[in-house]
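Heads up, my_file27.csv below (CSV, C-alpha atoms):
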```csv
chain,number,residue,atom,x,y,z
W,28,MET,CA,85.3,-184.7,23.6
W,29,ARG,CA,84.2,-187.7,25.7
W,30,ILE,CA,86.6,-188.7,28.5
W,31,LEU,CA,86.4,-191.4,31.1
W,32,LEU,CA,88.7,-191.2,34.1
W,33,VAL,CA,89.2,-194.4,36.1
W,34,HIS,CA,90.8,-194.6,39.6
W,35,GLN,CA,89.9,-197.0,42.4
W,36,ASN,CA,90.1,-194.1,44.9
W,37,PHE,CA,88.6,-191.5,42.5
W,38,PRO,CA,89.7,-188.9,41.7
W,39,GLY,CA,93.2,-189.8,43.1
W,40,GLN,CA,95.9,-188.1,41.0
W,41,PHE,CA,93.3,-187.0,38.4
W,42,ALA,CA,91.6,-184.3,40.6
W,43,PRO,CA,93.0,-181.4,38.6
W,44,LEU,CA,92.2,-183.0,35.3
W,45,VAL,CA,88.6,-183.6,36.4
W,46,ALA,CA,88.2,-180.1,37.8
W,47,GLU,CA,89.4,-178.6,34.6
W,48,TRP,CA,87.9,-180.8,31.9
W,49,ALA,CA,84.4,-181.1,33.5
W,50,THR,CA,83.9,-177.4,33.1
W,51,ARG,CA,84.8,-177.4,29.3
W,52,SER,CA,81.9,-176.6,27.0
W,53,GLY,CA,81.0,-179.5,24.9
W,54,TRP,CA,83.0,-182.0,26.9
W,55,ASP,CA,81.3,-185.1,28.4
W,56,VAL,CA,83.5,-186.2,31.4
W,57,ARG,CA,82.7,-189.3,33.4
W,58,GLY,CA,84.5,-190.9,36.3
W,59,LEU,CA,84.7,-194.4,37.8
W,60,GLY,CA,85.8,-195.4,41.2
W,61,GLN,CA,85.2,-198.1,43.8
W,62,ILE,CA,82.3,-197.8,46.2
W,63,HIS,CA,84.5,-196.2,48.8
W,64,ALA,CA,86.0,-193.5,46.5
W,65,PRO,CA,85.7,-190.0,48.0
W,66,GLY,CA,84.7,-188.4,44.7
W,67,LEU,CA,85.0,-184.7,43.9
W,68,SER,CA,82.7,-181.9,45.0
W,69,ALA,CA,80.8,-180.3,42.2
W,70,PHE,CA,81.5,-183.3,39.9
W,71,SER,CA,78.3,-185.3,39.2
W,72,GLY,CA,79.7,-187.7,36.7
W,73,LEU,CA,81.1,-190.3,39.1
W,74,MET,CA,80.0,-193.9,38.8
W,75,ARG,CA,81.0,-196.5,41.5
W,76,TYR,CA,81.6,-200.2,41.3
W,77,ARG,CA,81.8,-203.0,43.8
W,78,PRO,CA,83.6,-206.3,43.1
W,79,ALA,CA,81.3,-209.3,42.9
W,80,ARG,CA,83.0,-210.9,45.9
W,81,ALA,CA,86.1,-210.8,48.0
W,82,ILE,CA,89.2,-212.7,47.1
W,83,ARG,CA,89.2,-216.3,48.3
W,84,ARG,CA,90.7,-217.0,51.7
W,85,ASP,CA,92.5,-220.0,50.3
W,86,GLN,CA,94.0,-218.1,47.3
W,87,HIS,CA,97.7,-218.7,46.8
W,88,PRO,CA,99.4,-215.6,48.4
W,89,TYR,CA,101.3,-214.9,45.2
W,90,LEU,CA,98.1,-214.5,43.3
W,91,ARG,CA,96.1,-212.4,45.7
W,92,ASN,CA,96.8,-209.2,43.9
W,93,THR,CA,96.1,-210.9,40.5
W,94,GLU,CA,92.7,-212.1,41.7
W,95,THR,CA,91.9,-208.7,43.1
W,96,ALA,CA,92.7,-207.1,39.8
W,97,VAL,CA,90.5,-209.6,37.9
W,98,LEU,CA,87.6,-209.0,40.2
W,99,ASN,CA,88.0,-205.2,39.9
W,100,GLY,CA,88.4,-205.5,36.1
W,101,GLN,CA,85.2,-207.6,35.8
W,102,ALA,CA,83.2,-205.1,38.0
W,103,ALA,CA,84.5,-202.1,36.0
W,104,ALA,CA,83.7,-203.9,32.7
W,105,ARG,CA,80.1,-204.3,33.7
W,106,ILE,CA,79.9,-200.5,34.2
W,107,PHE,CA,81.7,-200.0,30.8
W,108,LEU,CA,79.1,-202.2,29.1
W,109,GLN,CA,76.2,-200.2,30.7
W,110,LEU,CA,77.8,-197.0,29.4
W,111,LYS,CA,78.1,-198.4,25.9
W,112,ASP,CA,74.5,-199.6,26.0
W,113,LYS,CA,73.4,-196.0,26.9
W,114,GLY,CA,75.4,-194.6,24.0
W,115,PHE,CA,78.5,-193.3,25.7
W,116,LYS,CA,81.7,-194.3,23.9
W,117,PRO,CA,84.8,-192.4,25.3
W,118,ASP,CA,87.3,-190.9,22.9
W,119,VAL,CA,89.9,-191.2,25.7
W,120,ILE,CA,90.2,-193.3,28.9
W,121,VAL,CA,92.6,-192.0,31.4
W,122,ALA,CA,93.2,-194.6,34.2
W,123,HIS,CA,95.3,-195.7,37.1
W,124,PRO,CA,95.5,-199.5,36.2
W,125,GLY,CA,97.1,-200.5,39.5
W,126,TRP,CA,94.1,-202.3,40.9
W,127,GLY,CA,92.9,-203.9,37.6
W,128,GLU,CA,89.9,-201.7,36.6
W,129,THR,CA,91.0,-201.4,33.0
W,130,LEU,CA,92.1,-205.0,32.3
W,131,TYR,CA,89.1,-205.4,30.0
W,132,ALA,CA,88.5,-201.7,28.9
W,133,LYS,CA,89.8,-202.4,25.4
W,134,ASP,CA,87.4,-205.3,25.0
W,135,VAL,CA,84.5,-202.9,25.6
W,136,PHE,CA,85.9,-199.8,24.0
W,137,PRO,CA,88.5,-200.9,21.4
W,138,GLU,CA,88.5,-197.6,19.6
W,139,ALA,CA,89.2,-195.5,22.7
W,140,GLN,CA,92.6,-194.1,23.4
W,141,LEU,CA,93.7,-195.8,26.6
W,142,ILE,CA,96.2,-193.8,28.7
W,143,HIS,CA,97.6,-195.5,31.8
W,144,LEU,CA,99.2,-193.8,34.8
W,145,CYS,CA,102.2,-196.1,35.5
W,146,GLU,CA,102.9,-195.3,39.1
W,147,TRP,CA,105.0,-198.2,40.2
W,148,TYR,CA,106.4,-201.5,39.1
W,149,TYR,CA,107.7,-203.8,41.8
W,150,ASN,CA,111.4,-204.8,41.9
W,151,ALA,CA,113.0,-207.1,44.4
W,152,GLN,CA,116.2,-205.1,44.2
W,153,GLY,CA,117.3,-201.6,43.3
W,154,ALA,CA,114.2,-199.9,44.8
W,155,ASP,CA,112.1,-200.0,47.9
W,156,LEU,CA,112.1,-203.7,48.6
W,157,GLY,CA,115.2,-204.8,50.4
W,158,PHE,CA,116.4,-201.2,50.8
W,159,ASP,CA,116.1,-201.2,54.6
W,160,GLN,CA,118.1,-204.1,56.1
W,161,GLU,CA,116.1,-203.7,59.3
W,162,PHE,CA,113.3,-205.5,57.3
W,163,PRO,CA,115.2,-208.1,55.1
W,164,LEU,CA,113.5,-209.9,52.2
W,165,THR,CA,113.1,-213.6,52.0
W,166,PHE,CA,113.0,-215.7,48.9
W,167,ASN,CA,109.3,-216.1,49.4
W,168,ASP,CA,109.0,-212.3,49.3
W,169,ARG,CA,110.9,-212.1,46.1
W,170,ALA,CA,108.8,-214.7,44.4
W,171,ARG,CA,105.6,-213.1,45.5
W,172,ILE,CA,106.8,-209.7,44.2
W,173,ARG,CA,107.6,-211.1,40.8
W,174,THR,CA,104.0,-212.4,40.5
W,175,TRP,CA,102.5,-209.2,41.7
W,176,ASN,CA,103.7,-207.5,38.5
W,177,ALA,CA,101.5,-209.7,36.2
W,178,HIS,CA,98.6,-207.3,35.7
W,179,HIS,CA,101.0,-204.3,35.8
W,180,ALA,CA,102.8,-205.7,32.8
W,181,LEU,CA,99.6,-206.6,31.0
W,182,SER,CA,98.2,-203.1,31.6
W,183,LEU,CA,101.3,-201.5,30.0
W,184,VAL,CA,101.1,-203.8,27.0
W,185,ASP,CA,97.3,-203.1,26.5
W,186,CYS,CA,97.4,-199.3,26.8
W,187,ASP,CA,98.1,-196.9,23.9
W,188,THR,CA,100.3,-194.6,25.9
W,189,ALA,CA,101.6,-194.6,29.5
W,190,VAL,CA,102.5,-191.8,31.8
W,191,SER,CA,104.8,-191.8,34.9
W,192,PRO,CA,105.0,-188.9,37.2
W,193,THR,CA,108.8,-188.9,37.5
W,194,LEU,CA,111.8,-190.3,35.6
W,195,TRP,CA,112.6,-192.5,38.6
W,196,GLN,CA,109.2,-194.2,38.6
W,197,LYS,CA,109.5,-194.7,34.8
W,198,SER,CA,112.9,-196.3,35.3
W,199,ARG,CA,111.5,-199.1,37.5
W,200,TYR,CA,109.6,-200.6,34.5
W,201,PRO,CA,111.1,-203.3,32.3
W,202,LYS,CA,113.5,-201.8,29.7
W,203,ASP,CA,111.6,-203.4,26.8
W,204,LEU,CA,108.4,-201.7,27.8
W,205,ARG,CA,109.8,-198.3,28.9
W,206,GLN,CA,109.6,-196.7,25.5
W,207,LYS,CA,105.9,-196.6,25.8
W,208,ILE,CA,106.1,-194.4,28.9
W,209,LEU,CA,106.1,-190.6,28.9
W,210,VAL,CA,107.0,-188.6,32.0
W,211,GLN,CA,104.5,-186.1,33.2
W,212,HIS,CA,103.6,-185.2,36.8
W,213,GLU,CA,99.9,-184.6,37.5
W,214,GLY,CA,100.8,-181.4,39.5
W,215,ILE,CA,100.1,-179.9,42.9
W,216,ASP,CA,98.0,-176.8,43.7
W,217,THR,CA,100.8,-174.2,43.8
W,218,ASN,CA,98.1,-171.5,44.1
W,219,LEU,CA,96.9,-173.1,47.4
W,220,TYR,CA,100.3,-174.2,48.8
W,221,ARG,CA,102.2,-170.9,49.0
W,222,PRO,CA,104.2,-169.1,51.7
W,223,ASP,CA,102.4,-167.1,54.4
W,224,PRO,CA,104.5,-165.2,56.9
W,225,MET,CA,101.4,-164.7,59.1
W,226,ALA,CA,100.6,-168.4,59.3
W,227,TRP,CA,100.1,-170.0,62.8
W,228,VAL,CA,99.1,-173.3,64.3
W,229,LYS,CA,97.7,-174.0,67.8
W,230,THR,CA,98.5,-177.4,69.2
W,231,LYS,CA,96.3,-179.5,71.5
W,232,ASN,CA,98.2,-178.4,74.5
W,233,GLY,CA,97.7,-174.7,73.7
W,234,THR,CA,101.1,-174.0,72.2
W,235,MET,CA,101.0,-171.3,69.5
W,236,LEU,CA,103.5,-171.9,66.7
W,237,LYS,CA,104.0,-169.3,64.0
W,238,SER,CA,106.1,-168.8,60.9
W,239,GLY,CA,109.6,-168.0,62.0
W,240,ASP,CA,109.5,-170.2,65.1
W,241,PRO,CA,111.8,-173.3,65.3
W,242,VAL,CA,109.2,-175.7,64.1
W,243,ILE,CA,110.1,-179.1,62.6
W,244,THR,CA,107.4,-180.8,60.4
W,245,TYR,CA,107.1,-184.3,59.2
W,246,VAL,CA,104.3,-185.5,56.9
W,247,ALA,CA,103.2,-189.0,55.7
W,248,ARG,CA,99.8,-190.5,54.8
W,249,ASN,CA,100.6,-193.1,57.5
W,250,LEU,CA,103.5,-193.1,60.0
W,251,GLU,CA,105.6,-196.0,58.8
W,252,PRO,CA,109.2,-197.1,57.8
W,253,TYR,CA,108.6,-196.6,54.0
W,254,ARG,CA,108.5,-192.9,54.7
W,255,GLY,CA,111.4,-193.1,57.2
W,256,PHE,CA,109.2,-192.6,60.3
W,257,HIS,CA,111.4,-194.9,62.4
W,258,VAL,CA,114.6,-193.0,61.3
W,259,PHE,CA,113.0,-189.7,62.0
W,260,MET,CA,111.9,-190.6,65.5
W,261,ARG,CA,115.4,-191.8,66.4
W,262,ALA,CA,116.8,-188.6,65.1
W,263,LEU,CA,114.2,-186.5,66.9
W,264,GLU,CA,115.5,-187.7,70.2
W,265,THR,CA,118.9,-186.2,69.4
W,266,ILE,CA,117.3,-183.1,67.8
W,267,GLN,CA,115.4,-182.3,71.1
W,268,ARG,CA,118.6,-182.7,73.1
W,269,LEU,CA,120.5,-180.3,70.7
W,270,HIS,CA,117.8,-177.7,70.4
W,271,ARG,CA,115.9,-177.1,73.6
W,272,THR,CA,113.1,-174.9,72.3
W,273,CYS,CA,112.1,-176.6,69.0
W,274,HIS,CA,108.6,-178.1,68.5
W,275,THR,CA,107.7,-180.8,66.1
W,276,LEU,CA,104.4,-181.3,64.2
W,277,ILE,CA,103.9,-184.8,63.0
W,278,VAL,CA,101.1,-185.3,60.4
W,279,GLY,CA,99.9,-188.8,59.5
W,280,GLY,CA,97.7,-191.7,60.4
W,281,ASP,CA,98.4,-194.9,62.3
W,282,GLU,CA,97.5,-197.4,59.6
W,283,VAL,CA,99.9,-199.1,57.1
W,284,SER,CA,100.0,-197.9,53.5
W,285,TYR,CA,103.2,-199.8,52.5
W,286,GLY,CA,105.2,-202.5,54.1
W,287,ARG,CA,104.3,-204.4,57.2
W,288,LYS,CA,102.8,-203.8,60.6
W,289,PRO,CA,105.2,-203.6,63.6
W,290,GLU,CA,105.7,-206.5,66.0
W,291,ASN,CA,104.6,-206.0,69.6
W,292,ALA,CA,102.8,-202.7,69.0
W,293,LYS,CA,99.5,-201.5,67.6
W,294,ASN,CA,101.1,-199.2,65.1
W,295,TRP,CA,104.5,-197.6,64.3
W,296,ARG,CA,103.8,-194.5,66.4
W,297,GLU,CA,103.4,-196.7,69.5
W,298,ARG,CA,106.4,-198.8,68.5
W,299,MET,CA,108.7,-195.9,68.1
W,300,LEU,CA,107.5,-194.1,71.2
W,301,ASN,CA,108.4,-197.2,73.2
W,302,GLU,CA,111.9,-197.1,71.7
W,303,VAL,CA,112.9,-193.4,72.0
W,304,THR,CA,112.5,-190.7,74.8
W,305,LEU,CA,110.9,-187.5,73.6
W,306,ASP,CA,109.6,-184.4,75.3
W,307,PRO,CA,105.8,-184.8,75.0
W,308,SER,CA,105.3,-181.0,75.4
W,309,ARG,CA,107.3,-180.4,72.3
W,310,THR,CA,106.2,-183.4,70.2
W,311,HIS,CA,102.8,-183.0,68.6
W,312,PHE,CA,101.1,-185.9,66.8
W,313,VAL,CA,98.3,-184.3,64.9
W,314,GLY,CA,97.0,-187.2,62.9
W,315,ARG,CA,95.5,-186.5,59.4
W,316,LEU,CA,94.4,-182.9,58.9
W,317,PRO,CA,92.0,-181.0,56.7
W,318,LYS,CA,93.6,-179.3,53.8
W,319,ALA,CA,93.5,-175.8,55.3
W,320,LEU,CA,95.2,-176.8,58.6
W,321,TYR,CA,97.7,-179.1,56.8
W,322,ARG,CA,98.7,-176.1,54.6
W,323,ARG,CA,99.4,-174.0,57.7
W,324,VAL,CA,101.6,-176.7,59.2
W,325,LEU,CA,103.8,-176.5,56.1
W,326,GLN,CA,103.7,-172.7,56.2
W,327,VAL,CA,105.0,-172.5,59.7
W,328,SER,CA,107.8,-175.1,59.1
W,329,GLY,CA,111.3,-174.1,59.9
W,330,ALA,CA,112.6,-177.5,58.8
W,331,HIS,CA,110.5,-180.0,56.8
W,332,VAL,CA,111.8,-183.5,57.0
W,333,TYR,CA,111.0,-185.8,54.1
W,334,LEU,CA,112.4,-189.3,54.2
W,335,THR,CA,111.5,-192.1,51.8
W,336,TYR,CA,112.7,-195.4,50.6
W,337,PRO,CA,113.4,-195.5,46.8
W,338,PHE,CA,109.7,-195.4,46.0
W,339,VAL,CA,106.9,-193.2,44.7
W,340,LEU,CA,107.6,-189.5,45.3
W,341,SER,CA,105.1,-188.0,47.8
W,342,TRP,CA,102.9,-185.0,47.0
W,343,SER,CA,103.8,-183.7,50.5
W,344,LEU,CA,107.4,-182.9,49.5
W,345,LEU,CA,106.3,-180.8,46.6
W,346,GLU,CA,103.6,-179.1,48.7
W,347,ALA,CA,106.2,-178.3,51.4
W,348,MET,CA,108.5,-176.9,48.7
W,349,SER,CA,105.6,-174.8,47.3
W,350,CYS,CA,105.1,-173.3,50.8
W,351,ASN,CA,108.8,-172.4,50.9
W,352,ALA,CA,109.5,-174.7,53.8
W,353,PRO,CA,113.2,-175.4,54.2
W,354,ILE,CA,113.7,-179.0,53.2
W,355,VAL,CA,115.8,-181.7,54.8
W,356,ALA,CA,115.3,-184.9,52.8
W,357,SER,CA,116.8,-188.4,52.3
W,358,ASP,CA,119.4,-188.7,49.6
W,359,THR,CA,117.4,-191.4,47.7
W,360,ALA,CA,116.7,-191.6,44.0
W,361,PRO,CA,113.1,-190.2,43.8
W,362,VAL,CA,114.1,-187.2,46.0
W,363,ARG,CA,117.3,-186.4,44.0
W,364,GLU,CA,115.0,-185.8,41.0
W,365,VAL,CA,113.5,-182.7,42.6
W,366,ILE,CA,115.9,-181.6,45.4
W,367,LYS,CA,119.5,-180.5,44.6
W,368,ASN,CA,121.6,-180.5,47.7
W,369,GLY,CA,122.4,-176.9,48.8
W,370,VAL,CA,120.2,-175.4,46.1
W,371,ASN,CA,116.6,-176.0,47.1
W,372,GLY,CA,117.1,-178.3,50.1
W,373,ARG,CA,119.5,-180.4,52.0
W,374,LEU,CA,120.0,-184.1,51.4
W,375,VAL,CA,121.2,-186.6,54.0
W,376,ASP,CA,121.8,-190.4,54.1
W,377,PHE,CA,118.5,-192.1,54.9
W,378,PHE,CA,119.9,-194.2,57.7
W,379,ASP,CA,122.2,-191.7,59.3
W,380,THR,CA,120.2,-190.4,62.3
W,381,GLU,CA,123.1,-188.3,63.7
W,382,VAL,CA,123.6,-186.4,60.4
W,383,LEU,CA,119.9,-186.0,60.0
W,384,ALA,CA,119.6,-184.5,63.5
W,385,THR,CA,122.5,-182.0,63.1
W,386,THR,CA,121.3,-181.0,59.7
W,387,VAL,CA,117.7,-180.3,61.0
W,388,VAL,CA,119.1,-178.2,63.8
W,389,GLU,CA,121.4,-176.3,61.5
W,390,THR,CA,118.4,-175.6,59.2
W,391,LEU,CA,116.4,-174.3,62.1
W,392,VAL,CA,119.0,-171.9,63.3
W,393,GLU,CA,120.4,-170.6,60.0
W,394,SER,CA,118.2,-168.0,58.5
W,395,ARG,CA,119.8,-168.5,55.1
W,396,ALA,CA,118.1,-171.9,54.9
W,397,ARG,CA,115.0,-170.2,53.7
W,398,ARG,CA,116.9,-168.7,50.7
W,399,LEU,CA,117.7,-172.2,49.4
W,400,GLN,CA,114.3,-172.4,47.8
W,401,SER,CA,114.1,-171.8,44.0
W,402,ASP,CA,111.5,-171.7,41.3
W,403,SER,CA,111.9,-175.5,40.6
W,404,ILE,CA,108.4,-176.1,42.0
W,405,ASN,CA,106.8,-174.4,39.0
W,406,ARG,CA,107.2,-177.5,36.8
W,407,PHE,CA,104.9,-179.3,39.2
W,408,SER,CA,101.9,-176.9,39.1
W,409,TYR,CA,98.4,-178.0,38.2
W,410,GLU,CA,98.7,-175.8,35.1
W,411,ASP,CA,101.8,-177.7,33.9
W,412,GLY,CA,100.2,-181.1,34.7
W,413,ILE,CA,97.0,-180.4,32.8
W,414,ALA,CA,98.9,-178.9,29.8
W,415,GLY,CA,101.2,-181.9,29.8
W,416,TYR,CA,98.3,-184.4,29.8
W,417,GLU,CA,96.5,-182.5,27.1
W,418,LYS,CA,99.7,-182.7,25.0
W,419,ILE,CA,99.8,-186.5,25.5
W,420,LEU,CA,96.2,-186.8,24.6
W,421,LYS,CA,96.7,-184.4,21.6
W,422,ILE,CA,94.1,-182.0,22.9
W,423,PRO,CA,94.6,-178.3,22.2
W,424,SER,CA,95.3,-176.9,25.7
W,425,GLN,CA,92.8,-174.4,27.1
W,426,VAL,CA,94.2,-174.2,30.7
W,427,ASN,CA,94.8,-170.8,32.2
W,428,SER,CA,96.7,-169.8,35.3
W,429,GLY,CA,93.6,-169.1,37.4
W,430,ASP,CA,93.0,-170.8,40.8
W,431,ARG,CA,91.0,-174.0,40.1
W,432,SER,CA,91.3,-175.7,43.4
W,433,PRO,CA,89.3,-179.0,43.1
```
If you convert what's in this file into structure tokens, what do you get?
Amino acid sequence: MRILLVHQNFPGQFAPLVAEWATRSGWDVRGLGQIHAPGLSAFSGLMRYRPARAIRRDQHPYLRNTETAVLNGQAAARIFLQLKDKGFKPDVIVAHPGWGETLYAKDVFPEAQLIHLCEWYYNAQGADLGFDQEFPLTFNDRARIRTWNAHHALSLVDCDTAVSPTLWQKSRYPKDLRQKILVQHEGIDTNLYRPDPMAWVKTKNGTMLKSGDPVITYVARNLEPYRGFHVFMRALETIQRLHRTCHTLIVGGDEVSYGRKPENAKNWRERMLNEVTLDPSRTHFVGRLPKALYRRVLQVSGAHVYLTYPFVLSWSLLEAMSCNAPIVASDTAPVREVIKNGVNGRLVDFFDTEVLATTVVETLVESRARRLQSDSINRFSYEDGIAGYEKILKIPSQVNSGDRSP
């Protein structure tokens, strides 16, 4: 079996697949990512590409994403042609097409089965854009968004099969193209993210926090409105007034992954700290963390707050669930797919800071909150993800239940 996995930020969502398939006897597994891709330890099959140039400064703003995709597609095609010249012809290409790398894959490898991970299709209504009236859309925004979908639609037309991690994400694609999309989450490492009653975290000011303490956790790749950071900070001011001994661990960077930068501030953390009044001795911004420390943050959580626009579901919610952290989450479409209110977490209106605050405090003080967790996380394990992808690829599954942390 010859497999080529393509992701701009390789391995991205494909880490468990690479870790499993690269160890299979008789399998030839290759990877392709951009020059900055982190790669995967113990995997030597990664190739890197660099676009021939940056997008033009005078490019029409509606077409910036399209030009980026074409440049990435050209660069990736050059690598594909080199592979073909050396005799490597993949049976299967598994790719995230979001940045254009596989626009020309079928032109080089027409016989390969092309599987696309369909993570997101932009919509000017009914999803993330326009959801938060604090940041209204203009007509110009709507027109730009429509054009952004050009290479996403082309990628879905060109592939043999498409995969979306959740039903919600699949539902964002055009109805006429949806029949091509199967639902299969790539999985999280449930062997790594598991409860530990002995877990502890020491903050920069020397405070020791352990499992069972009134600890609130909040996690995002970057602290920004798309993941409800502005709402969380406003609620936290009330939470600290209602609960005088709670501590909060806030994990995330100060860049912008989605949406726009704040006005009159360097980042959203600075912007919100200028708006609200918090006790700095109980508010711990820890930035981005190595995996082992991040896991301990989830393991000590007495109330894990997950807020999101109607958008892509974060791994962090599933990892927190796997660690048995009591969940308080936004009642938004992607969350409702995995959290049932009162069963394995509590759902609140995304914009209602008062209800969010009281629900978090109730979760901290009620011991029964920990019993809300269920076995629902099992369907998001690495084992389930690998087996699901192998079924899609029509590969006899060989995955076992051992710990294969990539």
Selected residue, from W:Trp147, W:Tyr220, W:Phe162, W:Trp175, that lies nearest to W:Glu346 when counting all atoms listed in the file: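 The shortest atom-to-atom distance to W:Glu346 comes from W:Tyr220.
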For atom CA of W:Leu209 and atom CA of W:Leu144, quote the distance in Å rounded to one decimal.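 For atom CA of W:Leu209 relative to atom CA of W:Leu144, the distance reads 9.6 Å.
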What does the structure give for the distance between atom CA of W:Ala102 and atom CA of W:Ala81, in Å to one decimal? 11.9 Å
Selection as a PyMOL selection string: residues within 8 Å of (97.3, -208.3, 42.2), counting all atoms listed in the file: chain W and resi 90-96+126-127+175-178
Which residue is closest to W:Tyr336? Choose from W:Asn351, W:Ser308, W:Gln109, W:Ser357 and count only C-alpha atoms. W:Ser357
I want to know what sits within 10 Å of W:Val339, based on all atoms listed in the file, with residues of the same chain fewer than 3 positions away left out; could you give that as a PDB file with C-alpha atoms, in the coordinates of the input?
```pdb
ATOM      1  CA  GLU W 146     102.900-195.300  39.100  1.00  0.00           C
ATOM      2  CA  TRP W 147     105.000-198.200  40.200  1.00  0.00           C
ATOM      3  CA  ALA W 154     114.200-199.900  44.800  1.00  0.00           C
ATOM      4  CA  ASP W 155     112.100-200.000  47.900  1.00  0.00           C
ATOM      5  CA  PRO W 192     105.000-188.900  37.200  1.00  0.00           C
ATOM      6  CA  THR W 193     108.800-188.900  37.500  1.00  0.00           C
ATOM      7  CA  TRP W 195     112.600-192.500  38.600  1.00  0.00           C
ATOM      8  CA  GLN W 196     109.200-194.200  38.600  1.00  0.00           C
ATOM      9  CA  THR W 335     111.500-192.100  51.800  1.00  0.00           C
ATOM     10  CA  TYR W 336     112.700-195.400  50.600  1.00  0.00           C
ATOM     11  CA  TRP W 342     102.900-185.000  47.000  1.00  0.00           C
ATOM     12  CA  ALA W 360     116.700-191.600  44.000  1.00  0.00           C
ATOM     13  CA  PRO W 361     113.100-190.200  43.800  1.00  0.00           C
ATOM     14  CA  VAL W 362     114.100-187.200  46.000  1.00  0.00           C
TER      15      VAL W 362
END
```
Suppose you want the space between atom CA of W:Ile354 and atom CA of W:Phe158; what is it in Å?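 Distance between the two atoms: 22.5 Å.
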Counting all atoms listed in the file, which of W:Gly239, W:Gly53, W:Pro65, W:Gly369 gets nearest to W:Phe37?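 Checking each of W:Gly239, W:Gly53, W:Pro65, W:Gly369 against W:Phe37, counting all atoms listed in the file, the winner is W:Pro65.
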Can you tell me which residues surround W:His63 at a distance of at most 10 Å, considering all atoms listed in the file, apart from same-chain residues fewer than 2 positions away, and format the answer as a PyMOL selection string? chain W and resi 35-37+60-61+65-66+75-77
Got a sec: who's within 12 Å of W:Ile215, counting all atoms listed in the file, leaving out chain neighbours fewer than 5 positions off, as a count of residues only? 32
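Here the question is which of W:Arg287, W:Ile266, W:Ser403, W:Arg248 gets nearest to W:Thr217 using only C-alpha atoms, and that residue is W:Ser403.
Proximity of W:Ile30, W:Trp48, W:Arg83, W:Leu236 to W:Phe136, computed with only C-alpha atoms, is greatest for W:Ile30.
Minimum distance to W:Leu183 across W:Tyr148, W:Phe70, W:Phe166, W:Tyr321 (counting only C-alpha atoms) occurs at W:Tyr148.
When the distance limit is 6 Å and only C-alpha atoms are what count, the residues near stretch 374-385 of chain W, minus those fewer than 4 positions from it on the same chain, are Ala262, Ile266, Val355, Ala356, Ser357, Asp358 and Asn368 of chain W.
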Determine, counting only C-alpha atoms, which protein, DNA and RNA residues have an atom within 8 Å of an atom of W:Thr129; residues of the same chain fewer than 5 positions away are not included. Present the result as a PyMOL selection string. chain W and resi 33+100+103-104+122+124+182
Keeping only C-alpha atoms, take the residues you just selected and write them out as a PDB file, keeping the file's coordinate frame.
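File written: out.pdb
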```
ATOM      1  CA  VAL W  33      89.200-194.400  36.100  1.00  0.00           C
ATOM      2  CA  GLY W 100      88.400-205.500  36.100  1.00  0.00           C
ATOM      3  CA  ALA W 103      84.500-202.100  36.000  1.00  0.00           C
ATOM      4  CA  ALA W 104      83.700-203.900  32.700  1.00  0.00           C
ATOM      5  CA  ALA W 122      93.200-194.600  34.200  1.00  0.00           C
ATOM      6  CA  PRO W 124      95.500-199.500  36.200  1.00  0.00           C
ATOM      7  CA  SER W 182      98.200-203.100  31.600  1.00  0.00           C
TER       8      SER W 182
END
```
Please return, as a ChimeraX atom specification, all polymer residues that have at least one atom within 9 Å of the point (103.5, -173.2, 59.0); use all atoms listed in the file and the file's own coordinate frame. /W:222-228,236-239,242,244,321-329,350,352
